[in-house]
Amino acid sequence: MRAQTKLGWILFGYGIVAFGIGYVALRFALVLPPGRYAVMQGLAVATVACIVIGAFAYLIAATFTRRLASLAEQANDVRQHPALHAVEVGGGGDEVAAIARVVNDLRARLTDGEEARNQLVADVAHELRTPVAIIRGHLETMLKGAEELRPENLLPLLDEAKRVSRLIQDMRDLNLAESGRLRLDREWIAFAPTLDEIVSILALEAEDKDVTIRTEGEWGGELYCDPARLKQVLVNLIGNAIRYVPEGGNVLVAYEASPGELRFRVTDNGPGIAPEHLPYLFKRFYRVEASRNRMSGGTGLGLAIAKEFVEAHGGSIRAESALGEGTSFHVVLPLFPLHP
Ligand code: ADP
C-alpha cells in the first residue's frame with residue numbers, strides 16, 4: 001500500500017474515534033448538571049480541536065509523501081537512463097531536497113564512470129589498431145609471397161607483438177593501482193645501486209641516440225619500498241627523458257635525502273612541454289604530440305603508472321617544464337627509520 005493511502009486510512013480511523021468521543025461527550029453534556037456540563041463541553045471543544053489538528057497533520061504529511069513518491073519516480077528514471085534524467089531538487093532545504101541532491105550526486109558519478117569506461121575502451125581500441133594493422137599487413141604480404149619469411153622480415157612483427165604485450169601489462173598494472181588493489185612487496189633496498197642498475201640497463205638505448213645520462217647524489221641510505229615498482233618508476237621517467245631529448249642530449253638524475261623523505265628528479269634538456277599540457281600529463285593515454293609520440297614506441301601510460309606507483313608508496317610526483325629548455329620530473333618518497 002502506498003504511504004499516502006496508509007496515512008489517509010490512519011487519519012480516517014483517528015477522525016472517526018475523535019468524532020465518536022465528541023458526540024458522546026455532547027450527549028452527556030445535555031443531561032448532566034451544570035458543573036459536569038462544562039467539563040463535557042470542554043471535552044467536545046478539545047475533540048473538535050483534535051480533528052482540526054489531525055486535518056492539518058494530514059495535509060502536511062500528504063504533501064511530504066507526494067514529494068517522496070515523485071522523488072521515487074524520478075530516481076527510477078535516473079536509474080534507467082542516468083544520462084537523460086536528473087531529479088528536481090526544489091527550493092526547500094529539507095530532508096527530501098537533501099535526498100534529491102544525493103540522488104543527483106550518485107547520477108553524476110554514474111555518468112562520469114560510464115564516460116570514463118567508454119573513453120577507456122576507445123583509447124585501448126585506438127592503441128591496439130596500429131600494431132595489429134602492422135602485424136596483419138606483414139603477414140598478408142608474406143602469405144601472398146611478396147615478402148620472404150626471413151628473420152629480418154619478422155622483426156617488425158616481433159616489435160609490434162612486444163608493444164601489444166607491454167600495453168596489456170601496463171593496463172593491468174594501472175588498473176590494479178587505480179582500483180587500490182596494487183600489492184606492494186616492500187623490502188629495504190639501497191637506492192643508489194638500484195638507480196645505477198636502471199641507468200646501466202637504459203645505457204644502450206641512450207648510446208644509440210648519443211644521449212649522456214648522469215647521476216648526482218650522496219645519499220647511501222635504504223628505502224622501504226617495492227623494488228619492482230620503484231624500478232618501473234625510474235625506467236618510465238629516465239626512459240621518457242632519453243626518448244624525448246634530441247640526439248646528443250643530456251639526462252640528469254639527481255637525488256638527496258632530508259629527514260623523513262627522499263627527493264629525486266629526472267631532468268633533460270629536451271624540447272620541453274607547453275604549460276597547457278602539464279595538468280594532463282599524468283592522465284592515461286595523454287600525449288603531447290599524439291601521432292609522433294605513439295611512433296616513439298611508448299604506450300601512453302608511462303607517467304600515469306609512475307604517478308600511481310609513487311602515490312601507492314605515500315609519495316608524490318610533479319612535472320616542471322619550459323618549452324625549448326627541457327623537462328624535470330620531481331619525485332618525493334617517504335623515508336622510514338631503519339631501526340625505530
Ligand atoms: P608515452 O608512452 O607516450 O611516453 P607517457 O605517459 O610516458 O607516455 O608520457 C605522456 C606524454 O608526456 C608523452 O607522450 C610526451 O608527450 C610527454 N612527455 C613525457 N616525458 C617527457 C619528457 N621528458 N620530455 C618531453 N615530453 C615528455
# chains A, B, ... in the order shown; residues from 1 in each chain; ligands from 1
>>> select_by_dssp(residues="range 33-252 of chain A", states="alpha helix (DSSP H)", output="MDAnalysis selection string")
chainID A and resid 34:80 95:143 151:178 191:208 227:244
>>> residues_around(residues="Asn104 in chain A", least_positions_apart="5", cutoff="10 Å", atoms="only C-alpha atoms", output="PyMOL selection string")
chain A and resi 75+78+82+85-89+98-99+109-110
>>> atom_distance(atom1="CA of Asn250 in chain A", atom2="CA of Asn269 in chain A")
5.9 Å
>>> closest_residue(among="A:Thr111, A:Leu59, A:Gly221, A:Ile10", to="Gln80 in chain A", atoms="only C-alpha atoms")
A:Thr111
>>> residues_around(residues="Ala69 in chain A", least_positions_apart="3", cutoff="12 Å", atoms="only C-alpha atoms", output="JSON list (two decimals) with N, CA, C and O atoms, in the first residue's frame")
[["chain", "number", "residue", "atom", "x", "y", "z"],
["A", 2, "ARG", "N", 0.53, 2.26, -0.79],
["A", 2, "ARG", "CA", 1.33, 3.49, -0.86],
["A", 2, "ARG", "C", 1.28, 4.23, 0.48],
["A", 2, "ARG", "O", 0.26, 4.18, 1.18],
["A", 3, "ALA", "N", 2.34, 4.94, 0.80],
["A", 3, "ALA", "CA", 2.45, 5.61, 2.11],
["A", 3, "ALA", "C", 1.30, 6.59, 2.32],
["A", 3, "ALA", "O", 0.74, 6.70, 3.42],
["A", 4, "GLN", "N", 0.92, 7.30, 1.21],
["A", 4, "GLN", "CA", -0.12, 8.32, 1.35],
["A", 4, "GLN", "C", -1.47, 7.67, 1.67],
["A", 4, "GLN", "O", -2.23, 8.18, 2.49],
["A", 5, "THR", "N", -1.78, 6.51, 1.04],
["A", 5, "THR", "CA", -3.04, 5.82, 1.30],
["A", 5, "THR", "C", -3.07, 5.33, 2.75],
["A", 5, "THR", "O", -4.09, 5.47, 3.45],
["A", 62, "ALA", "N", 0.65, 14.55, 3.80],
["A", 62, "ALA", "CA", 0.31, 14.19, 2.42],
["A", 62, "ALA", "C", 1.23, 14.90, 1.45],
["A", 62, "ALA", "O", 1.68, 14.32, 0.46],
["A", 63, "THR", "N", 1.55, 16.18, 1.73],
["A", 63, "THR", "CA", 2.47, 16.90, 0.85],
["A", 63, "THR", "C", 3.82, 16.19, 0.81],
["A", 63, "THR", "O", 4.42, 16.00, -0.25],
["A", 64, "PHE", "N", 4.30, 15.79, 2.02],
["A", 64, "PHE", "CA", 5.60, 15.12, 2.09],
["A", 64, "PHE", "C", 5.59, 13.81, 1.32],
["A", 64, "PHE", "O", 6.49, 13.53, 0.54],
["A", 65, "THR", "N", 4.54, 13.01, 1.54],
["A", 65, "THR", "CA", 4.53, 11.71, 0.88],
["A", 65, "THR", "C", 4.39, 11.88, -0.63],
["A", 65, "THR", "O", 4.98, 11.13, -1.39],
["A", 66, "ARG", "N", 3.64, 12.93, -1.06],
["A", 66, "ARG", "CA", 3.53, 13.18, -2.50],
["A", 66, "ARG", "C", 4.91, 13.51, -3.08],
["A", 66, "ARG", "O", 5.30, 13.01, -4.13],
["A", 72, "ALA", "N", 10.75, 9.20, -5.76],
["A", 72, "ALA", "CA", 10.99, 7.78, -6.06],
["A", 72, "ALA", "C", 10.84, 7.54, -7.56],
["A", 72, "ALA", "O", 11.63, 6.83, -8.18],
["A", 73, "GLU", "N", 9.83, 8.19, -8.15],
["A", 73, "GLU", "CA", 9.59, 8.02, -9.59],
["A", 73, "GLU", "C", 10.76, 8.58, -10.41],
["A", 73, "GLU", "O", 11.26, 7.93, -11.31],
["A", 74, "GLN", "N", 11.20, 9.80, -10.00],
["A", 74, "GLN", "CA", 12.31, 10.43, -10.74],
["A", 74, "GLN", "C", 13.60, 9.63, -10.57],
["A", 74, "GLN", "O", 14.37, 9.48, -11.51],
["A", 75, "ALA", "N", 13.82, 9.10, -9.34],
["A", 75, "ALA", "CA", 15.03, 8.32, -9.08],
["A", 75, "ALA", "C", 15.03, 7.06, -9.94],
["A", 75, "ALA", "O", 16.07, 6.63, -10.44],
["A", 76, "ASN", "N", 13.85, 6.51, -10.15],
["A", 76, "ASN", "CA", 13.74, 5.32, -11.00],
["A", 76, "ASN", "C", 14.11, 5.66, -12.45],
["A", 76, "ASN", "O", 14.81, 4.91, -13.12],
["A", 96, "VAL", "N", 13.84, 15.99, 2.08],
["A", 96, "VAL", "CA", 13.50, 15.49, 0.73],
["A", 96, "VAL", "C", 14.46, 16.12, -0.29],
["A", 96, "VAL", "O", 14.99, 15.43, -1.17],
["A", 100, "ALA", "N", 17.19, 14.33, -2.76],
["A", 100, "ALA", "CA", 17.23, 14.63, -4.20],
["A", 100, "ALA", "C", 18.66, 14.99, -4.61],
["A", 100, "ALA", "O", 19.16, 14.55, -5.65]]
>>> decode(residues="range 301-312 of chain A", atoms="all heavy atoms", output="CSV table (one decimal), in the first residue's frame")
chain,number,residue,atom,x,y,z
A,301,LEU,N,51.1,5.3,-21.2
A,301,LEU,CA,50.6,5.0,-19.8
A,301,LEU,C,51.8,5.2,-18.9
A,301,LEU,O,51.6,5.1,-17.6
A,301,LEU,CB,50.1,3.6,-19.7
A,301,LEU,CG,48.9,3.2,-20.5
A,301,LEU,CD1,48.5,1.8,-20.5
A,301,LEU,CD2,47.7,4.0,-20.0
A,302,GLY,N,53.0,5.5,-19.4
A,302,GLY,CA,54.2,5.5,-18.5
A,302,GLY,C,54.0,6.5,-17.3
A,302,GLY,O,54.3,6.1,-16.2
A,303,LEU,N,53.6,7.7,-17.6
A,303,LEU,CA,53.5,8.7,-16.5
A,303,LEU,C,52.4,8.4,-15.5
A,303,LEU,O,52.5,8.6,-14.3
A,303,LEU,CB,53.4,10.1,-17.1
A,303,LEU,CG,54.6,10.6,-17.7
A,303,LEU,CD1,54.4,12.0,-18.3
A,303,LEU,CD2,55.8,10.6,-16.8
A,304,ALA,N,51.3,7.9,-16.1
A,304,ALA,CA,50.1,7.5,-15.3
A,304,ALA,C,50.5,6.4,-14.3
A,304,ALA,O,50.2,6.4,-13.1
A,304,ALA,CB,48.9,7.0,-16.1
A,305,ILE,N,51.3,5.4,-14.8
A,305,ILE,CA,51.8,4.3,-13.9
A,305,ILE,C,52.7,4.9,-12.9
A,305,ILE,O,52.7,4.5,-11.7
A,305,ILE,CB,52.4,3.2,-14.8
A,305,ILE,CG1,51.3,2.5,-15.6
A,305,ILE,CG2,53.2,2.2,-14.0
A,305,ILE,CD1,51.8,1.4,-16.5
A,306,ALA,N,53.7,5.7,-13.3
A,306,ALA,CA,54.7,6.3,-12.4
A,306,ALA,C,53.9,7.0,-11.2
A,306,ALA,O,54.3,6.8,-10.1
A,306,ALA,CB,55.6,7.2,-13.1
A,307,LYS,N,52.9,7.8,-11.6
A,307,LYS,CA,52.2,8.5,-10.5
A,307,LYS,C,51.5,7.5,-9.6
A,307,LYS,O,51.6,7.7,-8.3
A,307,LYS,CB,51.2,9.4,-11.2
A,307,LYS,CG,50.3,10.2,-10.3
A,307,LYS,CD,49.5,11.2,-11.0
A,307,LYS,CE,48.8,12.2,-10.2
A,307,LYS,NZ,47.6,11.6,-9.5
A,308,GLU,N,50.8,6.5,-10.1
A,308,GLU,CA,50.1,5.6,-9.2
A,308,GLU,C,51.1,4.9,-8.3
A,308,GLU,O,50.8,4.7,-7.1
A,308,GLU,CB,49.3,4.6,-10.1
A,308,GLU,CG,48.1,5.1,-10.8
A,308,GLU,CD,47.0,5.6,-9.9
A,308,GLU,OE1,46.9,5.1,-8.7
A,308,GLU,OE2,46.2,6.5,-10.3
A,309,PHE,N,52.2,4.4,-8.9
A,309,PHE,CA,53.2,3.7,-8.1
A,309,PHE,C,53.8,4.6,-7.0
A,309,PHE,O,54.0,4.1,-5.8
A,309,PHE,CB,54.3,3.1,-8.9
A,309,PHE,CG,53.9,1.9,-9.7
A,309,PHE,CD1,52.6,1.4,-9.7
A,309,PHE,CD2,54.8,1.2,-10.5
A,309,PHE,CE1,52.2,0.3,-10.4
A,309,PHE,CE2,54.4,0.1,-11.3
A,309,PHE,CZ,53.1,-0.3,-11.2
A,310,VAL,N,54.1,5.8,-7.3
A,310,VAL,CA,54.7,6.7,-6.3
A,310,VAL,C,53.7,7.0,-5.2
A,310,VAL,O,54.0,6.9,-4.0
A,310,VAL,CB,55.2,8.0,-7.0
A,310,VAL,CG1,55.4,9.1,-6.0
A,310,VAL,CG2,56.4,7.8,-7.9
A,311,GLU,N,52.4,7.2,-5.6
A,311,GLU,CA,51.4,7.5,-4.6
A,311,GLU,C,51.1,6.3,-3.8
A,311,GLU,O,50.8,6.4,-2.6
A,311,GLU,CB,50.1,8.1,-5.3
A,311,GLU,CG,50.4,9.5,-5.8
A,311,GLU,CD,49.2,10.1,-6.5
A,311,GLU,OE1,48.2,9.5,-6.7
A,311,GLU,OE2,49.3,11.3,-6.9
A,312,ALA,N,51.2,5.1,-4.4
A,312,ALA,CA,50.9,3.9,-3.6
A,312,ALA,C,52.0,3.8,-2.4
A,312,ALA,O,51.7,3.2,-1.4
A,312,ALA,CB,51.0,2.7,-4.5
